[in-house]
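Student: My structure file entry.cif, mmCIF, C-alpha atoms, is below:
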```cif
data_data
loop_
_atom_site.label_atom_id
_atom_site.label_comp_id
_atom_site.auth_asym_id
_atom_site.auth_seq_id
_atom_site.Cartn_x
_atom_site.Cartn_y
_atom_site.Cartn_z
CA MET A 1 -40.41 39.34 -43.42
CA ALA A 2 -41.40 36.72 -40.80
CA SER A 3 -38.60 34.70 -39.38
CA GLY A 4 -38.20 31.23 -40.85
CA CYS A 5 -40.37 31.99 -43.98
CA ALA A 6 -39.30 32.46 -47.60
CA PHE A 7 -40.80 34.63 -50.38
CA VAL A 8 -42.42 32.41 -53.04
CA ALA A 9 -43.14 33.72 -56.49
CA PRO A 10 -46.81 33.62 -57.54
CA ARG A 11 -47.89 30.65 -59.60
CA PRO A 12 -49.89 31.17 -62.73
CA SER A 13 -53.49 30.77 -61.65
CA THR A 14 -56.80 32.50 -61.66
CA ASP A 15 -55.94 33.98 -58.24
CA SER A 16 -54.69 37.52 -57.82
CA GLY A 17 -51.33 38.06 -59.38
CA HIS A 18 -49.61 39.30 -56.30
CA GLY A 19 -46.74 37.46 -54.58
CA ALA A 20 -47.62 35.84 -51.30
CA MET A 21 -45.69 35.14 -48.16
CA GLN A 22 -45.85 31.38 -47.80
CA CYS A 23 -44.13 29.15 -45.20
CA PRO A 24 -43.11 25.67 -46.29
CA LYS A 25 -44.29 23.04 -43.83
CA GLU A 26 -40.75 21.94 -42.96
CA SER A 27 -39.46 25.42 -42.06
CA CYS A 28 -42.50 26.77 -40.23
CA ARG A 29 -43.30 23.69 -38.15
CA SER A 30 -43.78 24.66 -34.51
CA PRO A 31 -40.73 23.74 -32.34
CA ILE A 32 -42.90 22.85 -29.31
CA PRO A 33 -44.29 19.51 -30.54
CA THR A 34 -40.85 18.60 -31.84
CA ALA A 35 -39.28 19.31 -28.44
CA ILE A 36 -41.96 17.31 -26.66
CA ALA A 37 -41.45 14.38 -29.00
CA ALA A 38 -37.69 14.48 -28.45
CA ALA A 39 -37.90 14.79 -24.66
CA PRO A 40 -37.81 11.02 -24.03
CA LEU A 41 -34.57 10.85 -25.99
CA TRP A 42 -33.00 13.60 -23.88
CA LEU A 43 -34.17 12.09 -20.61
CA SER A 44 -33.44 8.48 -21.41
CA VAL A 45 -30.22 7.12 -19.88
CA PRO A 46 -28.62 3.80 -20.80
CA ALA A 47 -29.45 1.14 -18.24
CA HIS A 48 -25.80 0.58 -17.43
CA ALA A 49 -25.11 4.27 -16.76
CA GLY A 50 -26.80 4.19 -13.37
CA ASP A 51 -24.81 1.12 -12.36
CA ASP A 52 -21.61 2.80 -13.50
CA LEU A 53 -22.32 5.86 -11.34
CA ALA A 54 -23.23 3.73 -8.34
CA GLY A 55 -20.12 1.61 -8.82
CA ALA A 56 -17.94 4.72 -9.04
CA ALA A 57 -19.51 6.12 -5.85
CA VAL A 58 -18.96 2.85 -3.98
CA ALA A 59 -15.35 2.61 -5.19
CA TYR A 60 -14.70 6.22 -4.15
CA GLY A 61 -16.16 5.53 -0.70
CA HIS A 62 -13.98 2.43 -0.40
CA TYR A 63 -10.76 4.30 -1.22
CA LEU A 64 -11.69 7.34 0.87
CA ALA A 65 -12.43 5.16 3.89
CA LEU A 66 -9.00 3.52 3.62
CA VAL A 67 -7.30 6.92 3.39
CA LEU A 68 -9.28 8.19 6.38
CA ALA A 69 -8.45 5.09 8.41
CA THR A 70 -4.76 5.53 7.60
CA ALA A 71 -4.85 9.19 8.65
CA CYS A 72 -6.49 8.26 11.95
CA LEU A 73 -3.89 5.58 12.64
CA VAL A 74 -1.06 8.00 11.91
CA ALA A 75 -2.65 10.52 14.27
CA GLU A 76 -2.98 7.89 17.02
CA ARG A 77 0.61 6.78 16.47
CA LEU A 78 1.84 10.35 16.90
CA MET A 79 -0.33 11.01 19.96
CA VAL A 80 0.30 7.90 22.05
CA LYS A 81 2.97 8.36 24.70
CA PRO A 82 3.55 7.65 28.39
CA GLY A 83 1.98 10.08 30.83
CA MET A 84 -0.69 11.42 28.46
CA THR A 85 -3.02 13.98 29.99
CA GLU A 86 -6.76 13.38 30.11
CA GLU A 87 -7.28 15.86 27.24
CA GLU A 88 -4.67 14.08 25.09
CA GLU A 89 -6.29 10.71 25.72
CA GLN A 90 -9.66 12.20 24.82
CA ARG A 91 -8.31 13.50 21.51
CA MET A 92 -6.84 10.09 20.80
CA GLN A 93 -10.19 8.51 21.57
CA TYR A 94 -11.87 10.81 19.03
CA ALA A 95 -9.32 9.70 16.41
CA ASP A 96 -10.00 6.08 17.33
CA ILE A 97 -13.77 6.54 16.95
CA LEU A 98 -13.27 8.11 13.53
CA TYR A 99 -11.03 5.17 12.62
CA ASP A 100 -13.81 2.76 13.60
CA VAL A 101 -16.31 4.68 11.43
CA ALA A 102 -13.90 4.59 8.48
CA GLY A 103 -13.44 0.86 9.03
CA VAL A 104 -17.19 0.23 8.89
CA ILE A 105 -17.47 2.21 5.65
CA PHE A 106 -14.49 0.32 4.23
CA PHE A 107 -16.07 -3.07 4.94
CA ILE A 108 -19.54 -2.10 3.68
CA THR A 109 -18.24 -0.64 0.42
CA GLY A 110 -15.89 -3.59 0.02
CA TYR A 111 -18.81 -5.98 0.35
CA LEU A 112 -20.82 -4.03 -2.24
CA ARG A 113 -17.89 -4.03 -4.65
CA THR A 114 -17.51 -7.77 -4.24
CA ILE A 115 -21.10 -8.71 -5.01
CA GLU A 116 -22.34 -5.82 -7.17
CA TYR A 117 -19.92 -3.35 -8.69
CA GLY A 118 -16.52 -5.00 -9.02
CA LYS A 119 -15.50 -8.01 -11.07
CA GLY A 120 -18.18 -10.08 -9.39
CA TRP A 121 -18.27 -12.84 -6.84
CA ASP A 122 -17.56 -15.49 -9.50
CA PHE A 123 -14.12 -13.91 -9.94
CA TYR A 124 -13.25 -12.96 -6.37
CA GLN A 125 -14.08 -16.29 -4.77
CA HIS A 126 -11.35 -17.98 -6.84
CA GLU A 127 -8.73 -15.25 -6.33
CA PRO A 128 -6.32 -16.12 -3.46
CA ILE A 129 -5.00 -12.55 -3.22
CA PHE A 130 -8.55 -11.33 -2.66
CA TRP A 131 -8.68 -13.52 0.43
CA ILE A 132 -5.27 -12.23 1.50
CA LYS A 133 -6.71 -8.72 1.26
CA VAL A 134 -9.73 -9.75 3.33
CA THR A 135 -7.40 -11.32 5.92
CA LEU A 136 -5.36 -8.10 6.10
CA ALA A 137 -8.56 -6.14 6.61
CA GLY A 138 -9.51 -8.55 9.38
CA VAL A 139 -6.13 -8.02 11.07
CA MET A 140 -6.56 -4.25 10.68
CA ALA A 141 -9.95 -4.42 12.39
CA ALA A 142 -9.11 -6.94 15.12
CA SER A 143 -5.92 -5.14 16.13
CA SER A 144 -7.88 -1.97 16.77
CA PHE A 145 -9.81 -3.71 19.55
CA PHE A 146 -6.86 -3.39 21.93
CA VAL A 147 -6.52 0.37 21.58
CA THR A 148 -10.29 0.92 21.52
CA THR A 149 -10.89 -1.25 24.58
CA THR A 150 -8.00 0.32 26.49
CA LEU A 151 -9.14 3.88 25.84
CA LEU A 152 -12.76 3.01 26.65
CA LYS A 153 -11.74 1.21 29.84
CA ARG A 154 -9.70 4.20 31.04
CA SER A 155 -12.43 6.66 30.09
CA MET A 156 -15.09 4.73 32.04
CA ALA A 157 -12.79 4.40 35.06
CA ARG A 158 -12.44 8.15 35.33
CA GLY A 159 -16.07 8.43 36.29
CA GLY A 160 -15.49 7.07 39.76
CA GLU A 161 -11.78 7.14 40.58
CA THR A 162 -8.46 8.63 39.70
CA VAL A 163 -6.82 6.91 36.75
CA PRO A 164 -3.00 6.85 36.73
CA PRO A 165 -1.28 8.28 33.65
CA LEU A 166 -0.52 5.93 30.79
CA SER A 167 2.48 3.80 31.78
CA ASP A 168 5.55 3.20 29.68
CA LYS A 169 4.61 -0.47 29.20
CA LEU A 170 1.04 0.24 28.13
CA ALA A 171 2.10 3.05 25.80
CA ALA A 172 4.70 0.75 24.23
CA ARG A 173 2.12 -2.01 23.77
CA MET A 174 -0.37 0.39 22.17
CA THR A 175 2.39 1.67 19.89
CA SER A 176 3.30 -1.83 18.70
CA VAL A 177 -0.36 -2.63 17.99
CA ILE A 178 -0.84 0.58 16.00
CA ASN A 179 2.34 -0.22 14.04
CA ALA A 180 0.84 -3.62 13.16
CA GLN A 181 -2.35 -1.89 12.01
CA LEU A 182 -0.37 0.49 9.80
CA LEU A 183 1.51 -2.45 8.27
CA ALA A 184 -1.77 -4.22 7.47
CA VAL A 185 -3.33 -1.06 6.02
CA GLY A 186 -0.26 -0.37 3.91
CA SER A 187 -0.36 -3.88 2.46
CA ILE A 188 -4.00 -3.69 1.37
CA PRO A 189 -3.44 -1.48 -1.73
CA LEU A 190 -0.71 -3.84 -2.96
CA ALA A 191 -2.99 -6.84 -2.55
CA ALA A 192 -5.82 -4.97 -4.29
CA THR A 193 -3.57 -4.10 -7.24
CA LEU A 194 -2.47 -7.70 -7.74
CA MET A 195 -5.99 -9.01 -7.19
CA ALA A 196 -7.51 -6.71 -9.81
CA ARG A 197 -5.08 -8.11 -12.40
CA GLY A 198 -5.96 -11.70 -11.62
CA VAL A 199 -2.52 -12.60 -10.29
CA GLY A 200 -2.61 -16.10 -8.80
CA TYR A 201 -6.18 -16.79 -9.94
CA LEU A 202 -7.19 -20.41 -9.29
CA ASP A 203 -10.40 -21.55 -10.89
CA TRP A 204 -10.57 -24.62 -8.67
CA LEU A 205 -10.15 -22.74 -5.36
CA PRO A 206 -13.26 -23.07 -3.15
CA TRP A 207 -14.26 -19.88 -1.38
CA GLN A 208 -14.38 -21.70 1.95
CA ALA A 209 -10.63 -22.29 1.77
CA GLY A 210 -9.99 -18.60 1.22
CA ALA A 211 -12.45 -17.37 3.82
CA ALA A 212 -11.24 -19.62 6.64
CA PRO A 213 -7.95 -17.76 7.34
CA ALA A 214 -9.74 -14.40 7.26
CA VAL A 215 -12.38 -15.55 9.75
CA LEU A 216 -9.76 -17.10 12.03
CA ALA A 217 -7.60 -13.96 11.91
CA PHE A 218 -10.46 -11.64 12.74
CA GLY A 219 -12.07 -13.84 15.38
CA GLY A 220 -8.87 -15.08 17.01
CA LEU A 221 -7.04 -11.77 17.11
CA GLY A 222 -10.17 -9.88 18.07
CA PHE A 223 -10.73 -12.10 21.10
CA LYS A 224 -7.04 -11.98 22.04
CA TYR A 225 -6.77 -8.19 21.94
CA VAL A 226 -10.02 -7.52 23.79
CA LYS A 227 -9.07 -9.98 26.53
CA GLU A 228 -5.58 -8.53 26.80
CA ALA A 229 -6.92 -5.00 27.17
CA VAL A 230 -9.57 -5.98 29.71
CA ASP A 231 -7.14 -8.08 31.80
CA TRP A 232 -4.20 -5.69 31.56
CA LYS A 233 -2.29 -5.40 34.81
CA GLU A 234 0.86 -3.36 35.05
CA ASP A 235 2.53 -5.73 37.48
CA THR A 236 1.82 -8.88 35.44
CA GLN A 237 2.67 -7.70 31.96
CA GLY A 238 6.15 -8.47 30.71
#
```
Using the file provided, produce a representation of the structure as structure tokens.

Tutor:
Amino acid sequence: MASGCAFVAPRPSTDSGHGAMQCPKESCRSPIPTAIAAAPLWLSVPAHAGDDLAGAAVAYGHYLALVLATACLVAERLMVKPGMTEEEEQRMQYADILYDVAGVIFFITGYLRTIEYGKGWDFYQHEPIFWIKVTLAGVMAASSFFVTTTLLKRSMARGGETVPPLSDKLAARMTSVINAQLLAVGSIPLAATLMARGVGYLDWLPWQAGAAPAVLAFGGLGFKYVKEAVDWKEDTQG
């Protein structure tokens, strides 16, 4: 007996009196048209699902970048010491480059979360702790300019002359700057946790008032640390 068909007793009629194999329309309908008709339902995705996936990817990149930046800072903190060899300084420079890359990813994903995938700009612009987080990120970035500039300056100098080993004073200064970076990085998750819960939210707060300290911290500290690294002289530093 054919699959999907049922035996139907013969109806009284002038036709031959033998039973016939008949397939009701419902049970013998071809599955191909049905599958084709249902395909749009299988392939259709709610409009918000794509945004949810993108938001999750951006959030993951944001957190991963912060973890990577922290790991690089810890590596730099463990590597820096007086009298480093050229190979040790080169390894530290690689860690510093990776830290810079992580920082760029952190800022890009943070920007996307602010305007697209987080609570929205209408919320963040009135949240003082959001601006504290941005200021901490600015300090984290600006402080790195001293170490980056110092390592780059020493690397470029090796091309034409002998560079003396890292002095005790310079190693101590680099260590203190890295410690400040670690403190700023460690404070960012706390600020983010409070911010996400709306702690301290002020509906009347203009975004300009929150952004000003962040801009001043990044610009002022960035200029200070670059100038200090460029002008560093062993006999004039206290």

Student: When you draw a straight line from atom CA of A:Ile105 to atom CA of A:Ala65, how long is it in Å?

Tutor: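 So the answer is 6.1 Å.
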
Student: To test your reading of the syntax: which residues would the PyMOL selection byres ((chain A and resi 162-178) around 9) return for the file shown? Reply as a PyMOL selection string.

Tutor: chain A and resi 73-74+76-77+80-86+143-144+146-147+150+154-155+157-161+179-183+232+234+237-238

Student: Separation of atom CA of A:Leu66 and atom CA of A:Tyr124, in Å?

Tutor: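 About the pair atom CA of A:Leu66 and atom CA of A:Tyr124: they are 19.7 Å apart.
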
Student: I'd like the interatomic distance between atom CA of A:Trp121 and atom CA of A:Ala211, to a tenth of an Å.

Tutor: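 Those two atoms sit 13.0 Å apart.
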
Student: Please define a box with edges along x, y and z of the file around all atoms of stretch 224-232 of chain A given in the file, extend it by 4 Å on each side, and return its centre and edge lengths in Å to one decimal, as JSON.

Tutor:
```
{"center_x": -7.1, "center_y": -8.5, "center_z": 26.9, "size_x": 13.8, "size_y": 15.0, "size_z": 17.9}
```

Student: Find, counting only C-alpha atoms, the residue in A:Pro206, A:Gly110, A:Gly198, A:Gly222 that gets nearest to A:Val58.

Tutor: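 For A:Val58, the nearest of the given residues is A:Gly110.
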
Student: List the neighbours of A:Thr149 out to 8 Å using only C-alpha atoms; skip same-chain residues closer than 2 positions along the sequence, and give me the result as a list in words.

Tutor: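 Within the cut-off, the hits are Phe145, Phe146, Val147, Leu151, Leu152, Lys153, Val226, Ala229 and Val230 of chain A.
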
Student: Using all atoms listed in the file, which protein or nucleic acid residues come within 8 Å of A:Val139? Drop anything in the same chain fewer than 4 positions from it, and give the result as an MDAnalysis selection string.

Tutor: chainID A and resid 135 143 181 184 217:218 221

Student: Can you turn the PyMOL selection byres ((chain A and resi 197) around 12) into a concrete residue list for this file, as a ChimeraX atom specification?

Tutor: /A:119,123-124,127,129-130,190-196,198-201

Student: Of the candidates A:Ala75, A:Thr148, A:Met92, A:Phe106, which shows the shortest atom-to-atom distance to A:Tyr225, using all atoms listed in the file?

Tutor: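 Ranking A:Ala75, A:Thr148, A:Met92, A:Phe106 by distance to A:Tyr225, first place goes to A:Thr148.
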
Student: Calculated over only C-alpha atoms, which of the candidates A:Ala59, A:Met156, A:Gly220, A:Thr70 has the smallest distance to A:Ile108?

Tutor: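 For A:Ile108, the nearest of the given residues is A:Ala59.
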
Student: Counting only C-alpha atoms, find the residues whose atoms lie at most 10 Å from (-17.9, 7.4, 8.2) (file coordinates) and write them out as a ChimeraX atom specification.

Tutor: /A:61,64-65,68-69,97-106

Student: Between A:His62, A:Ala54, A:Ala95, A:Lys133, which is the closest to A:Leu78 once you count all atoms listed in the file?

Tutor: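 Ranking A:His62, A:Ala54, A:Ala95, A:Lys133 by distance to A:Leu78, first place goes to A:Ala95.
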